[in-house]
Amino acid sequence: MTAIGTSHARIDGADKVRGTAPYAYEHLTEAAYLWPITATIARGRITGFDTTAAESTPGVLFVLTPDNAPELADTSSGDLTILQSPEIAYRGQLIGAVVAESPETAREAASAVTVTYDEDAHDTEFRVDHPDSYRPEQVNGGFEPTSQDGHPDRILDEAASTTGGDTVTVDQWYSTPEEHNNPMEPHTVVATWDADAAVLTLYDSTQSTQGVVSSLAPVLGLEPEQMRVIAPHVGGGFGSKGSPHSHDVLAAMAAMRLPGRPVKFAVTRQHMFVFVGHRAPTRSRLRLAADRNGHITAMVHEAFTHSAHAGEFAEQAAVTSRSMYSADHRRTDHHVVPLDVPVPFWMRAPGEAPGMFAGEVAMDELAHALDLDPIELRVRNEPPEDPETGNPWSSRRLLDCLREGARRFGWERRVAEPAARRNGRQLVGLGVASSTYPHMVQPGNAASITHRDGRYTVRIAATDIGTGAWTTLKIIAADALDVPTDVVDIEIGDSALPSATVAGGSSGTSSWGSAIVTAAHQFRARFGDDPPPDAELSAEAADNPDLEKFTVASFGAHFVEVGVDIDTGEIRIPRMLGVFSIGRAINPRTVRSQLIGGMTFGISMALHEESVRDHRFGHVVTQDLAEYHIPVHADIADVDAICLDDRDEHATPMGSRGAGEIGIVGSAAAVVNAIYNATGVRVRDLPAHLDDLLGGLPDQ
């Protein structure tokens with residue numbers, strides 16, 4: 001009996017369509033409501049806090065300020081430390097709250113609070129020549145900030161100083177803007193403090209219930225067993241909900257002032273652009289050298305990004321260049337610029353998404369300089385083993401993805417000469433880019449299995465953030481137990497359940513599924529195929545030594561067709577195809593949905609998303625979905641994703657690898673590479689604007 005690989009509808013789908021699936025804010029009644037007070041300067045200190053009018057407003061329960069807030073036990077996190085001093089680190093910082101009988105009353109009273117400041121000069125403008133730029137000790141993911149093999153700078157400098165030689169070079173800068181996560185469900189939390197039991201319960205919109213416990217308990221001076229976090233349904237996260245932020249601390253503070261009564265805090269769409277993380281802007285300098293046959297001889301990728309004075313976060317934008325293609329001489333480096341901005345955080349495929357944009361556009365530029373097909377250039381630089389570690393690949397079918405995608409997409413119809421193909425008023429072009437994302441399995445996951453009345457209940461503190469984990473874990477459990485899926489029940493979304501790591505880094509299914517398979521095999525070994533009533537077993541995921549012996553990653557290829565209006569520069573994408581090698585697909589239906597979602601992210605990254613920060617005042621001015629542009633249905637036409645039949649025995653016991661984020665990686669590069677093929681205009685700075693194209697479009 002094989003459940004894995006068969007198509008299943010989401011088991012939570014009907015409840016979501018009916019509106020009966022409870023999200024965080026919908027839990028508990030008889031609640032009080034919190035409205036935040038935020039800083040209106042970007043740097044300085046509070047000198048006065050007049051709450052008289054707010055406290056006299058009917059329905060107001062209390063006002064929290066730095067003067068009366070409880071003392072936090074751990075203030076080492078600049079992102080979580082609030083209301084502990086008058087110091088202001090960024091505009092929009094949480095500095096207080098009004099708690100009232102209704103959200104309208106709380107909001108009205110908060111507007112009556114008067115705060116005075118001693119304002120300092122601030123700096124929110126990111127630039128690579130910033131005098132405070134530095135190399136961090138490590139970048140996101142725990143990677144070393146630098147790497148070097150051979151003497152790439154010497155080779156590149158020699159090639160650049162020689163004209164008409166046997167080496168072709170590319171030396172360009174590429175940039176991605178500041179971006180903000182905007183899941184349909186914003187960050188929300190309902191907090192309740194049971195003073196008698198000394199237990200804090202949070203209904204939180206989070207990607208990791210136990211991650212909230214492990215992060216917040218020390219801050220609040222609680223033991224882990226004094227916290228419980230519940231999140232059965234989450235309306236999207238995309239990284240920003242991967243860890244608690246300061247709004248969770250504020251809600252907990254308020255609840256502990258109001259024992260026994262829930263306090264609800266829904267972060268507004270405008271505040272989603274402030275204190276719950278963002279993707280920092282990046283600038284990458286790519287230098288490539290290749291011989292006339294298209295073999296890369298040297299590569300340098302230098303990445304710059306901003307961080308925050310309140311806390312360091314360094315986007316690992318150059319890491320993928322360490323192993324994507326063959327090059328005997330290679331260097332990568334990272335620098336961050338600390339600014340008076342909120343602390344950046346994860347946004348879907350952090351590091352890989354902006355870094356591969358730069359790398360894959362540079363590869364397209366190199367192919368054009370060599371007069372070589374972009375797919376053929378990638379073929380000629382396919383590494384037989386991981387260039388960074390020397391380890392063999394567990395499975396690297398990038399060339400299969402490229403070739404199958406080319407066949408299905410009709411790549412042979414591509415005209416190599418830019419701006420040479422027209423369809424009425426549109427210039428038409430095709431673009432391609434490669435994609436990769438590391439396979440991650442987090443340690444410390446466990447699952448329990450109980451048998452009762454012919455049914456199996458599997459419990460694990462995993463979180464379904466809209467990706468289909470309810471269904472996927474049911475399939476994995478049924479497959480491992482060798483029973484039909486309809487006799488398996490799943491319990492997830494509660495920190496009181498057996499250990500589970502974050503739904504992030506495309507690691508959720510791999511990590512949780514490995515624990516479920518281990519528990520299922522041990523359950524069968526102990527109780528057999530006819531287990532007694534109330535048979536129960538808990539187990540941690542078995543170690544997988546192959547993850548140290550092999551480099552395990554997913555790969556893919558994006559193909560894009562664009563049409564550019566020759567008069568207006570308007571860009572349309574009538575077709576997009578992604579072909580991916582992700583190991584075994586647990587549920588092909590939801591995997592395809594995830595991949596198409598990632599590709600849609602890529603279109604958004606290429607053509608729409610850009611947070612605009614007004615450096616005069618230090619805040620983002622595009623604070624809603626009217627001004628922060630994302631694609632609508634009219635922007636997404638024929639987008640399809642397929643997966644190769646590819647079981648990876650080294651990756652997980654299910655044969656699967658992560659698939660949540662690879663859809664976005666490289667997709668924006670494929671879009672702008674297609675724009676170049678259509679128009680001859682090279683876009684190196686995202687998003688692509690109409691005025692980037694107008695000056696370079698050919699005459700009618």
# chains A, B, ... in the order shown; residues from 1 in each chain; ligands from 1

$ select_by_dssp --residues "range 97-267 of chain A" --states "strand (DSSP E)" --output "ChimeraX atom specification"
/A:97-100,114-119,147-149,167-176,188-194,199-204,227-230,263-266

$ residues_around --residues "Arg43 in chain A" --least-positions-apart "5" --cutoff "6 Å" --atoms "only C-alpha atoms" --output "list in words"
Ile88, Ala89, Tyr90, Asp120 and His122 of chain A

$ write_last_selection --atoms "N, CA and C atoms" --output "PDB file, in the first residue's frame"
ATOM      1  N   ILE A  88      15.022  54.935  21.214  1.00  0.00           N
ATOM      2  CA  ILE A  88      14.333  54.598  19.970  1.00  0.00           C
ATOM      3  C   ILE A  88      15.374  54.169  18.943  1.00  0.00           C
ATOM      4  N   ALA A  89      15.181  52.966  18.388  1.00  0.00           N
ATOM      5  CA  ALA A  89      16.138  52.422  17.420  1.00  0.00           C
ATOM      6  C   ALA A  89      15.655  52.533  15.979  1.00  0.00           C
ATOM      7  N   TYR A  90      14.331  52.704  15.775  1.00  0.00           N
ATOM      8  CA  TYR A  90      13.806  52.841  14.425  1.00  0.00           C
ATOM      9  C   TYR A  90      12.387  53.401  14.498  1.00  0.00           C
ATOM     10  N   ASP A 120      17.475  62.385  17.510  1.00  0.00           N
ATOM     11  CA  ASP A 120      18.836  62.382  16.969  1.00  0.00           C
ATOM     12  C   ASP A 120      18.787  62.235  15.451  1.00  0.00           C
ATOM     13  N   HIS A 122      19.275  60.439  12.061  1.00  0.00           N
ATOM     14  CA  HIS A 122      19.161  59.015  11.750  1.00  0.00           C
ATOM     15  C   HIS A 122      19.737  58.733  10.366  1.00  0.00           C
TER      16      HIS A 122
END

$ closest_atom_pairs --of "range 378-399 of chain A" --to "range 648-662 of chain A" --cutoff "10 Å" --atoms "only C-alpha atoms" --output "tab-separated table"
residue	atom	partner	partner_atom	distance
A:Trp393	CA	A:His650	CA	9.6
A:Ser394	CA	A:His650	CA	6.1
A:Ser395	CA	A:Asp648	CA	6.6
A:Arg396	CA	A:Asp648	CA	10.0

$ residues_around --residues "range 588-598 of chain A" --least-positions-apart "6" --cutoff "10 Å" --atoms "only C-alpha atoms" --output "PyMOL selection string"
chain A and resi 4-10+348-349+466-469+471-472+576-580+582+604+639-643+658-665+667

$ residues_around --residues "Lys474 in chain A" --least-positions-apart "4" --cutoff "8 Å" --atoms "only C-alpha atoms" --output "VMD selection string"
chain A and resid 470 478 485 488 to 490

$ residues_around --residues "range 198-209 of chain A" --least-positions-apart "6" --cutoff "7 Å" --atoms "only C-alpha atoms" --output "mmCIF file with N, CA and C atoms, in the first residue's frame"
data_model
loop_
_atom_site.group_PDB
_atom_site.id
_atom_site.type_symbol
_atom_site.label_atom_id
_atom_site.label_comp_id
_atom_site.auth_asym_id
_atom_site.auth_seq_id
_atom_site.Cartn_x
_atom_site.Cartn_y
_atom_site.Cartn_z
ATOM 1 N N ALA A 24 -5.658 32.335 14.399
ATOM 2 C CA ALA A 24 -5.255 32.760 15.746
ATOM 3 C C ALA A 24 -6.231 33.748 16.369
ATOM 4 N N HIS A 187 0.149 39.096 10.998
ATOM 5 C CA HIS A 187 0.533 38.576 12.307
ATOM 6 C C HIS A 187 -0.562 38.898 13.318
ATOM 7 N N THR A 188 -1.008 37.897 14.046
ATOM 8 C CA THR A 188 -2.012 38.090 15.085
ATOM 9 C C THR A 188 -1.670 37.198 16.270
ATOM 10 N N VAL A 189 -2.106 37.619 17.454
ATOM 11 C CA VAL A 189 -1.862 36.827 18.656
ATOM 12 C C VAL A 189 -2.975 37.099 19.660
ATOM 13 N N VAL A 190 -3.396 36.046 20.335
ATOM 14 C CA VAL A 190 -4.318 36.146 21.466
ATOM 15 C C VAL A 190 -3.586 35.552 22.669
ATOM 16 N N ALA A 191 -3.385 36.354 23.699
ATOM 17 C CA ALA A 191 -2.593 35.946 24.864
ATOM 18 C C ALA A 191 -3.475 35.872 26.105
ATOM 19 N N THR A 192 -3.271 34.814 26.885
ATOM 20 C CA THR A 192 -3.994 34.644 28.147
ATOM 21 C C THR A 192 -3.007 34.232 29.230
ATOM 22 N N GLN A 226 5.894 26.740 31.294
ATOM 23 C CA GLN A 226 4.925 27.772 31.657
ATOM 24 C C GLN A 226 4.323 28.469 30.441
ATOM 25 N N MET A 227 4.637 27.980 29.251
ATOM 26 C CA MET A 227 4.091 28.552 28.028
ATOM 27 C C MET A 227 3.483 27.469 27.153
ATOM 28 N N ARG A 228 2.401 27.813 26.512
ATOM 29 C CA ARG A 228 1.797 26.944 25.502
ATOM 30 C C ARG A 228 1.392 27.814 24.329
ATOM 31 N N VAL A 229 1.733 27.383 23.119
ATOM 32 C CA VAL A 229 1.420 28.128 21.908
ATOM 33 C C VAL A 229 0.616 27.229 20.982
ATOM 34 N N ILE A 230 -0.503 27.749 20.483
ATOM 35 C CA ILE A 230 -1.429 26.972 19.666
ATOM 36 C C ILE A 230 -1.613 27.674 18.327
ATOM 37 N N ALA A 231 -1.477 26.916 17.244
ATOM 38 C CA ALA A 231 -1.616 27.492 15.897
ATOM 39 C C ALA A 231 -2.096 26.416 14.933
ATOM 40 N N VAL A 234 -2.724 28.624 9.898
ATOM 41 C CA VAL A 234 -1.974 29.873 9.704
ATOM 42 C C VAL A 234 -2.167 30.300 8.253
ATOM 43 N N GLY A 237 2.918 32.514 5.851
ATOM 44 C CA GLY A 237 4.013 33.014 6.682
ATOM 45 C C GLY A 237 5.166 33.523 5.851
ATOM 46 N N LYS A 241 6.861 34.772 9.811
ATOM 47 C CA LYS A 241 6.303 34.170 11.019
ATOM 48 C C LYS A 241 7.171 33.021 11.537
ATOM 49 N N GLY A 242 8.390 32.940 11.043
ATOM 50 C CA GLY A 242 9.290 31.870 11.454
ATOM 51 C C GLY A 242 9.809 32.017 12.863
ATOM 52 N N SER A 243 9.637 33.170 13.456
ATOM 53 C CA SER A 243 10.096 33.432 14.815
ATOM 54 C C SER A 243 9.195 34.516 15.384
ATOM 55 N N THR A 463 3.495 22.776 12.123
ATOM 56 C CA THR A 463 2.576 23.871 11.829
ATOM 57 C C THR A 463 2.273 23.893 10.339
ATOM 58 N N ILE A 465 1.216 26.172 7.546
ATOM 59 C CA ILE A 465 1.106 27.602 7.247
ATOM 60 C C ILE A 465 0.392 27.838 5.913
ATOM 61 N N GLY A 493 0.090 21.663 15.368
ATOM 62 C CA GLY A 493 -0.212 23.053 15.682
ATOM 63 C C GLY A 493 -0.344 23.369 17.151
ATOM 64 N N ASP A 494 0.381 22.658 18.005
ATOM 65 C CA ASP A 494 0.286 22.884 19.450
ATOM 66 C C ASP A 494 1.647 22.571 20.057
ATOM 67 N N SER A 495 2.201 23.529 20.783
ATOM 68 C CA SER A 495 3.535 23.327 21.365
ATOM 69 C C SER A 495 3.552 22.224 22.410
ATOM 70 N N THR A 501 10.261 21.223 14.648
ATOM 71 C CA THR A 501 10.988 22.441 14.307
ATOM 72 C C THR A 501 10.150 23.302 13.375
ATOM 73 N N VAL A 502 10.720 24.401 12.950
ATOM 74 C CA VAL A 502 9.995 25.445 12.235
ATOM 75 C C VAL A 502 9.537 24.983 10.850
ATOM 76 N N ALA A 503 8.392 25.517 10.438
ATOM 77 C CA ALA A 503 7.945 25.360 9.056
ATOM 78 C C ALA A 503 8.649 26.429 8.232
#

$ closest_residue --among "A:Pro344, A:Pro418, A:Pro443, A:Gly13" --to "Pro281 in chain A" --atoms "only C-alpha atoms"
A:Pro344
